[in-house]
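Some notes on the structure that comes next.
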Amino acid sequence: MLSLIEEKVDTVFGYPGGSIISVFDALYSYRDTIRQILTRHEQGAIHAAQGFARVTGEPGVVIVTSGPGATNVITGLADAMLDSTPLVVIAGQVSSPLLGSDAFQETDVVGLSLPVTKWSYQIRTAADIPWAVARAFYIASEGRPGPVVLDFTKDAQNELMEFSYEKCTFIRSYQPYPDLKVSAVEQAAALINAAKRPMALIGQGVILGEAEEELKDFLTKANIPAGATLLGLPALSADFPLMKGMLGMHGNVGPNRKTAECDVLIAIGMRFDDRVTGDLKTYAKQAKVIHLDIDTSEINKNVKVNVAVLANVKESLPALTALLEPASHADWVESFTAHEQEEWQRVIEPEIHPAAGPITMGEVIHLVSEMASPTAVLATDVGQNQMMACRYFKLKSKRSLVTSGGLGTMGFGLPAAIGAAFGAPERQVCLFTGDGGIQMTIQELGTIMEYNIPVKIVILNNKFLGMVRQWQELFYRERYSSTPMKSPDFTLVAKAYSIAANKVVNREELKDAIQKMLEHKGPYLLDVQVEENGMVYPMIPAGTNVDNLILGD
Amino acid sequence: MEKTLYTVTVYTENMVGLLNQIAIIFTRRHINIESLTVSKSSLPGIHKFTISVETDKELIVKVVKQIEKRIDVLKAFLYTDNEIIFEEVALYKIPTDSLLDNPEIENLLRTYNARIVEVNRSFAAIEISGSADVIQGLFDELNKYKVLQFVRSGRVAITRSTQERLSDFLDEMESKRAKALEECKK
């Protein structure tokens, strides 16, 4: 406990149980210093910690029991591993003499968590605690962040020790920040200076490295247009002129098509996920590729690069900017406009301002985005609601997006929004989720009720598992296997949890309903009945070229 | 993709579970490990893994980076056979009668530079170190006289370069530690 205080932890998400009861007992003595949030399921606890970590940049802390408690956090660990989210998960474990005996609620937590954690360690004696906790926080947050598990045996929890704490600042086998090589920066600068059509791809690395300002300076100096990955979106404000939108399967037309036209591609803190690149055999073959990243193993992993600049982008970006010659690339930047207009006419306008028919997802999100606070945090679940929210919600402030990128975890949204609200109590938190996703972790409405967390929950209810339905319509001959879904009346569910709620069916009521939700003090659930066969466009079918866009009109 | 036999050497801290951490990196990519040797290294507290795998270059380069990414791994190196000196050890057990009845076995052992480590009334144990081919060759020869048991080790290897690459790495990291400490004092 003292170790947690040493790491300035003020909030933990968790769920007690037999093998962690001693830790919760100790927490009880420190309840004035460390806020304990009891979620309704361990998965809820870990997603909440992820939401907390995303908005604060500090590691989220989770405390759960052994066995099922620990296995219930595995999804969250895998999610945090793929999305580089710093977490410290403390899981109880049976007493060390019982290890390996199939004792009650025993599982091999280290073995289970190894493939989905940055580090996983079993604490068997109290003397190990300060060392292991210090190391856990260092590993979770330094370098490329990630989840860490401490598997904490019950006897170690109960043992007494002389406490002394030393923060971890160095591990000889771990180099969190590679040394920036001047020669690499020079080569990259030379390529960019010679480029006629440079384009930058922004990833979450910019946010994790807190290099948003450095990025702006870099792009502005040589007037380089940029597209962002899903998680990289909040690195630049949506209204920043060189920000040309989202990359990838459901990204914007301009940045995707231009990836196939640019002559120099500058990837900044991103990992060339298949949802971004489509077919690697044809991806950006015409371009010289520069990759700025903190993680050596990302270089040449998916896309072969011409120049790799290994370092924290906080360090490499300014070094690179210093060597750039000011340039305007006016025609090139201007060439994005035609694509923007085409997308506006063919996709965006019909989606956000439909003339008639049922309410569309895009129009709900667009309205909320217009009316929400400029510092609002957007949380999403996974699927159509997520892609639509990221397309139509204009992110205007730093660390304003909480979504499950790499793992695509349905059920992530609601608990993650709770965590975000704890991490940023002064900011409005708007969650968009689906009728499917919310039911995967709907028990967390209980957490919202207990702590009166002012999350605004918008269910984009299309009575389908929409994204899978979309694929079935496009690629599976409209065979809607297991995608139509009957749901309860969500407003009544909310009522049972004493959460204010409203249902909207008609377009005329929508604006007022959103207004009411945003003005409401405290949590609010808005069930919007949207078009059942809505589709997210543009779409690049999986595994095809990034300029092979279906616009759906 | 052309497959080549690669030798990966990995230096790690002495901690529980490292074998598992390294093994799952191969498993995830469906790479079969040909041989694996784990032992203490010449440096106190540091363990050395020697892993040989047959695969293509692109894949193994990525695997080595993933191994090195593990927190408790100090350094991983990738070699092809011409960059290292390597040996395996093998033991063979043949009936003592075969040895006595077939004097040509003695010649065979001399040719192969093998030695007899134990003889009793029922069997003789023979030891050899060498390449996988040599070991297999001796087995094929001896098996004409019925080998009772045969076992071979994984590969151990040292580099042909004169420097100890791990020491350079450790020196570099130690100077970083000193720097980190200094910054803390400030």
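Residue numbering restarts at 1 in every chain; chains get A, B, ... in the order shown in the structure tokens, and ligands count up from 1 in that same order.
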
Exercise. Provide as a PyMOL selection string the residues of chain B at most 6 Å from chain A, counting only C-alpha atoms.
Key: chain B and resi 65+71-74+173

Self-check item: Residues near Ser39 (chain B), cut-off 8 Å, only C-alpha atoms, skip fewer than 5 positions along chain, as an MDAnalysis selection string
Solution: chainID B and resid 47:49

Exercise. Skip region 520-530 of chain A itself and residues of its chain fewer than 5 positions away, then list as a ChimeraX atom specification all residues within 9 Å of it, counting only C-alpha atoms.
Key: /A:358-361,364,435,448-449,452-463,489-491,494,499-506,510,513-515

Could you write out that same residue set with N, CA and C atoms as a compact mmCIF listing (two decimals), in the first residue's frame?
# COMPACT_ATOMS: atom_id res chain seq x y z
N PRO A 358 -35.14 7.15 -41.36
CA PRO A 358 -34.79 7.05 -39.94
C PRO A 358 -33.54 7.87 -39.61
N ILE A 359 -33.33 8.10 -38.32
CA ILE A 359 -32.15 8.82 -37.86
C ILE A 359 -30.90 8.02 -38.23
N THR A 360 -29.83 8.70 -38.63
CA THR A 360 -28.58 7.98 -38.93
C THR A 360 -27.59 8.17 -37.78
N MET A 361 -26.64 7.25 -37.69
CA MET A 361 -25.63 7.34 -36.62
C MET A 361 -24.85 8.64 -36.74
N VAL A 364 -26.46 11.81 -35.37
CA VAL A 364 -26.47 11.90 -33.90
C VAL A 364 -25.11 12.38 -33.42
N ASP A 435 -26.10 -1.14 -29.32
CA ASP A 435 -26.99 -1.98 -28.52
C ASP A 435 -26.31 -3.30 -28.20
N ILE A 448 -21.69 3.35 -12.21
CA ILE A 448 -22.08 4.74 -12.49
C ILE A 448 -23.07 5.22 -11.43
N MET A 449 -24.00 4.37 -11.10
CA MET A 449 -24.99 4.72 -10.08
C MET A 449 -24.33 4.98 -8.73
N ASN A 452 -22.13 8.08 -8.93
CA ASN A 452 -22.76 9.19 -9.64
C ASN A 452 -21.80 9.81 -10.66
N ILE A 453 -21.36 8.98 -11.59
CA ILE A 453 -20.36 9.42 -12.56
C ILE A 453 -21.07 10.07 -13.75
N PRO A 454 -20.76 11.34 -14.04
CA PRO A 454 -21.56 12.07 -15.03
C PRO A 454 -21.24 11.72 -16.48
N VAL A 455 -21.28 10.45 -16.81
CA VAL A 455 -21.00 10.03 -18.18
C VAL A 455 -22.27 10.17 -19.03
N LYS A 456 -22.10 10.72 -20.24
CA LYS A 456 -23.25 10.82 -21.14
C LYS A 456 -23.19 9.64 -22.10
N ILE A 457 -24.15 8.74 -21.96
CA ILE A 457 -24.14 7.50 -22.74
C ILE A 457 -25.13 7.61 -23.89
N VAL A 458 -24.62 7.51 -25.09
CA VAL A 458 -25.52 7.52 -26.25
C VAL A 458 -25.48 6.13 -26.88
N ILE A 459 -26.61 5.44 -26.86
CA ILE A 459 -26.68 4.14 -27.53
C ILE A 459 -27.20 4.36 -28.94
N LEU A 460 -26.37 4.02 -29.92
CA LEU A 460 -26.80 4.11 -31.31
C LEU A 460 -27.43 2.76 -31.62
N ASN A 461 -28.72 2.70 -31.40
CA ASN A 461 -29.42 1.42 -31.36
C ASN A 461 -30.00 1.07 -32.73
N ASN A 462 -29.35 0.15 -33.43
CA ASN A 462 -29.85 -0.24 -34.75
C ASN A 462 -30.39 -1.67 -34.75
N LYS A 463 -30.51 -2.23 -33.56
CA LYS A 463 -31.09 -3.58 -33.38
C LYS A 463 -30.30 -4.66 -34.11
N ASP A 489 -35.49 -2.67 -23.07
CA ASP A 489 -35.69 -1.23 -23.14
C ASP A 489 -34.60 -0.60 -22.26
N PHE A 490 -33.63 0.02 -22.93
CA PHE A 490 -32.47 0.51 -22.19
C PHE A 490 -32.84 1.63 -21.20
N THR A 491 -33.91 2.36 -21.52
CA THR A 491 -34.28 3.44 -20.59
C THR A 491 -34.81 2.84 -19.28
N ALA A 494 -31.81 1.71 -17.36
CA ALA A 494 -31.19 2.86 -16.71
C ALA A 494 -31.99 3.26 -15.48
N ILE A 499 -30.57 6.01 -13.20
CA ILE A 499 -29.86 6.87 -14.14
C ILE A 499 -30.89 7.50 -15.08
N ALA A 500 -30.83 8.83 -15.21
CA ALA A 500 -31.77 9.53 -16.08
C ALA A 500 -31.61 9.02 -17.50
N ALA A 501 -32.72 8.86 -18.20
CA ALA A 501 -32.63 8.28 -19.54
C ALA A 501 -33.76 8.77 -20.42
N ASN A 502 -33.54 8.64 -21.70
CA ASN A 502 -34.55 9.05 -22.66
C ASN A 502 -34.37 8.23 -23.93
N LYS A 503 -35.47 8.06 -24.67
CA LYS A 503 -35.39 7.33 -25.93
C LYS A 503 -35.83 8.25 -27.06
N VAL A 504 -35.10 8.23 -28.17
CA VAL A 504 -35.47 9.08 -29.29
C VAL A 504 -35.71 8.21 -30.53
N VAL A 505 -36.84 8.43 -31.16
CA VAL A 505 -37.15 7.70 -32.39
C VAL A 505 -37.22 8.67 -33.57
N ASN A 506 -37.79 9.85 -33.30
CA ASN A 506 -38.02 10.81 -34.38
C ASN A 506 -36.94 11.89 -34.44
N LEU A 510 -34.59 14.87 -31.68
CA LEU A 510 -33.19 14.52 -31.42
C LEU A 510 -32.40 15.65 -30.78
N ALA A 513 -33.31 16.40 -27.24
CA ALA A 513 -32.93 15.30 -26.36
C ALA A 513 -31.43 15.36 -26.04
N ILE A 514 -30.64 15.72 -27.06
CA ILE A 514 -29.19 15.82 -26.83
C ILE A 514 -28.89 16.99 -25.90
N GLN A 515 -29.57 18.09 -26.16
CA GLN A 515 -29.42 19.28 -25.32
C GLN A 515 -29.68 18.92 -23.86

Quiz prompt | Of the listed residues B:Asn143, B:Thr55, B:Ser153, B:Thr12, that which approaches Ile94 (chain B) most closely, counting only C-alpha atoms | solution = B:Asn143

Exercise. Just the residues within 9 Å of Glu142 (chain A), please, counting only C-alpha atoms, with nothing from its chain fewer than 5 positions along; format it as a ChimeraX atom specification.
Key: /A:86,137,176-177

Exercise. Using backbone DSSP assignments, extract all strand (DSSP E or B) residues from region 83-166 of chain B; output them as a PyMOL selection string.
Key: chain B and resi 84-95+115-119+123-130+149-152+156-159

Next, write the just-selected residues to a file, as a short mmCIF file (atom, residue, chain, number, x, y, z; two decimals), in the first residue's frame, keeping N, CA and C atoms as the atom set.
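The resulting file, part20.cif, is shown below:
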data_model
loop_
_atom_site.label_atom_id
_atom_site.label_comp_id
_atom_site.auth_asym_id
_atom_site.auth_seq_id
_atom_site.Cartn_x
_atom_site.Cartn_y
_atom_site.Cartn_z
N ILE B 84 29.76 -18.47 -36.63
CA ILE B 84 29.96 -19.03 -35.29
C ILE B 84 30.72 -20.35 -35.34
N ILE B 85 31.26 -20.69 -34.18
CA ILE B 85 31.83 -22.02 -33.99
C ILE B 85 30.84 -22.74 -33.09
N PHE B 86 30.38 -23.88 -33.52
CA PHE B 86 29.32 -24.54 -32.74
C PHE B 86 29.56 -26.03 -32.65
N GLU B 87 29.04 -26.60 -31.60
CA GLU B 87 29.19 -28.02 -31.35
C GLU B 87 27.92 -28.55 -30.70
N GLU B 88 27.72 -29.85 -30.91
CA GLU B 88 26.72 -30.55 -30.12
C GLU B 88 27.42 -31.72 -29.46
N VAL B 89 26.84 -32.25 -28.40
CA VAL B 89 27.39 -33.42 -27.74
C VAL B 89 26.40 -34.57 -27.91
N ALA B 90 26.94 -35.79 -28.09
CA ALA B 90 26.02 -36.93 -28.18
C ALA B 90 26.57 -38.09 -27.36
N LEU B 91 25.68 -38.91 -26.84
CA LEU B 91 26.05 -40.12 -26.12
C LEU B 91 25.37 -41.32 -26.79
N TYR B 92 26.13 -42.43 -26.90
CA TYR B 92 25.58 -43.64 -27.51
C TYR B 92 25.82 -44.78 -26.55
N LYS B 93 24.88 -45.70 -26.51
CA LYS B 93 25.08 -46.87 -25.66
C LYS B 93 24.98 -48.10 -26.57
N ILE B 94 26.05 -48.91 -26.57
CA ILE B 94 25.99 -50.14 -27.38
C ILE B 94 26.30 -51.34 -26.48
N PRO B 95 25.83 -52.51 -26.85
CA PRO B 95 26.12 -53.70 -26.02
C PRO B 95 27.63 -53.96 -25.96
N ARG B 115 35.04 -41.01 -27.75
CA ARG B 115 35.70 -41.73 -26.68
C ARG B 115 34.69 -42.54 -25.87
N ILE B 116 35.24 -43.59 -25.26
CA ILE B 116 34.38 -44.43 -24.43
C ILE B 116 34.41 -43.87 -23.02
N VAL B 117 33.25 -43.53 -22.48
CA VAL B 117 33.24 -42.93 -21.14
C VAL B 117 32.97 -43.95 -20.05
N GLU B 118 32.34 -45.03 -20.41
CA GLU B 118 32.10 -46.08 -19.42
C GLU B 118 31.89 -47.42 -20.10
N VAL B 119 32.51 -48.48 -19.50
CA VAL B 119 32.22 -49.82 -20.00
C VAL B 119 31.89 -50.70 -18.81
N PHE B 123 27.01 -52.92 -21.17
CA PHE B 123 27.07 -51.94 -22.27
C PHE B 123 28.30 -51.04 -22.19
N ALA B 124 28.56 -50.36 -23.29
CA ALA B 124 29.60 -49.34 -23.34
C ALA B 124 28.95 -48.01 -23.72
N ALA B 125 29.34 -46.94 -23.03
CA ALA B 125 28.81 -45.61 -23.36
C ALA B 125 29.88 -44.83 -24.09
N ILE B 126 29.49 -44.26 -25.22
CA ILE B 126 30.43 -43.54 -26.08
C ILE B 126 30.02 -42.10 -26.17
N GLU B 127 30.99 -41.20 -26.16
CA GLU B 127 30.67 -39.78 -26.22
C GLU B 127 31.38 -39.14 -27.41
N ILE B 128 30.71 -38.17 -28.01
CA ILE B 128 31.33 -37.44 -29.11
C ILE B 128 30.82 -36.02 -29.08
N SER B 129 31.65 -35.06 -29.52
CA SER B 129 31.13 -33.73 -29.77
C SER B 129 31.45 -33.38 -31.21
N GLY B 130 30.54 -32.66 -31.83
CA GLY B 130 30.75 -32.33 -33.23
C GLY B 130 29.50 -31.73 -33.82
N GLN B 149 20.87 -47.00 -26.84
CA GLN B 149 20.34 -45.67 -26.54
C GLN B 149 21.19 -44.64 -27.23
N PHE B 150 20.54 -43.54 -27.59
CA PHE B 150 21.27 -42.48 -28.28
C PHE B 150 20.66 -41.16 -27.84
N VAL B 151 21.50 -40.21 -27.46
CA VAL B 151 20.96 -38.91 -27.08
C VAL B 151 21.90 -37.83 -27.59
N ARG B 152 21.32 -36.73 -28.05
CA ARG B 152 22.16 -35.61 -28.49
C ARG B 152 21.70 -34.34 -27.81
N VAL B 156 25.66 -25.61 -28.81
CA VAL B 156 26.27 -24.48 -28.11
C VAL B 156 27.17 -23.78 -29.12
N ALA B 157 27.29 -22.47 -28.98
CA ALA B 157 28.02 -21.73 -30.01
C ALA B 157 28.75 -20.54 -29.43
N ILE B 158 29.91 -20.24 -30.01
CA ILE B 158 30.58 -18.97 -29.73
C ILE B 158 30.84 -18.28 -31.07
N THR B 159 31.01 -16.97 -30.98
CA THR B 159 31.13 -16.23 -32.24
C THR B 159 32.56 -16.27 -32.76
#

Considering only C-alpha atoms, return as a PDB file with N, CA and C atoms, in the first residue's frame whatever protein or nucleic-acid residues lie within 10 Å of Gly57 (chain A), sequence-local ones (same chain, fewer than 5 positions apart) excluded.
ATOM      1  N   GLN A  50      -7.981   1.514 -18.044  1.00  0.00           N
ATOM      2  CA  GLN A  50      -7.473   1.916 -19.360  1.00  0.00           C
ATOM      3  C   GLN A  50      -7.976   3.309 -19.727  1.00  0.00           C
ATOM      4  N   GLY A  51      -9.269   3.552 -19.487  1.00  0.00           N
ATOM      5  CA  GLY A  51      -9.841   4.871 -19.763  1.00  0.00           C
ATOM      6  C   GLY A  51      -9.144   5.944 -18.939  1.00  0.00           C
ATOM      7  N   PHE A  52      -8.876   5.592 -17.676  1.00  0.00           N
ATOM      8  CA  PHE A  52      -8.187   6.509 -16.767  1.00  0.00           C
ATOM      9  C   PHE A  52      -6.790   6.829 -17.301  1.00  0.00           C
ATOM     10  N   THR A  85      -1.159   0.964 -23.560  1.00  0.00           N
ATOM     11  CA  THR A  85      -1.735   1.701 -22.434  1.00  0.00           C
ATOM     12  C   THR A  85      -1.042   1.269 -21.144  1.00  0.00           C
ATOM     13  N   PRO A  86      -0.520   2.221 -20.358  1.00  0.00           N
ATOM     14  CA  PRO A  86       0.176   1.830 -19.130  1.00  0.00           C
ATOM     15  C   PRO A  86      -0.803   1.369 -18.049  1.00  0.00           C
ATOM     16  N   SER A 141       5.176   2.584 -17.522  1.00  0.00           N
ATOM     17  CA  SER A 141       5.056   3.934 -18.063  1.00  0.00           C
ATOM     18  C   SER A 141       6.239   4.409 -18.895  1.00  0.00           C
ATOM     19  N   PRO A 145       4.623   2.465 -23.520  1.00  0.00           N
ATOM     20  CA  PRO A 145       3.914   1.976 -22.334  1.00  0.00           C
ATOM     21  C   PRO A 145       3.207   0.654 -22.592  1.00  0.00           C
ATOM     22  N   ILE A 207       0.948  11.135 -28.937  1.00  0.00           N
ATOM     23  CA  ILE A 207       0.215  11.442 -27.699  1.00  0.00           C
ATOM     24  C   ILE A 207       0.969  10.873 -26.499  1.00  0.00           C
ATOM     25  N   LEU A 208       1.431   9.624 -26.647  1.00  0.00           N
ATOM     26  CA  LEU A 208       2.153   8.980 -25.546  1.00  0.00           C
ATOM     27  C   LEU A 208       3.438   9.738 -25.240  1.00  0.00           C
ATOM     28  N   GLY A 209       4.060  10.298 -26.268  1.00  0.00           N
ATOM     29  CA  GLY A 209       5.291  11.058 -26.068  1.00  0.00           C
ATOM     30  C   GLY A 209       5.024  12.525 -25.745  1.00  0.00           C
ATOM     31  N   GLU A 210       3.748  12.876 -25.640  1.00  0.00           N
ATOM     32  CA  GLU A 210       3.338  14.261 -25.370  1.00  0.00           C
ATOM     33  C   GLU A 210       4.029  15.235 -26.321  1.00  0.00           C
ATOM     34  N   ARG A 399      -5.645  14.351 -25.594  1.00  0.00           N
ATOM     35  CA  ARG A 399      -6.121  13.149 -24.901  1.00  0.00           C
ATOM     36  C   ARG A 399      -7.637  13.112 -24.826  1.00  0.00           C
ATOM     37  N   GLY A 423     -10.509  10.018 -14.377  1.00  0.00           N
ATOM     38  CA  GLY A 423      -9.214  10.600 -14.716  1.00  0.00           C
ATOM     39  C   GLY A 423      -9.306  12.080 -15.041  1.00  0.00           C
TER      40      GLY A 423
END
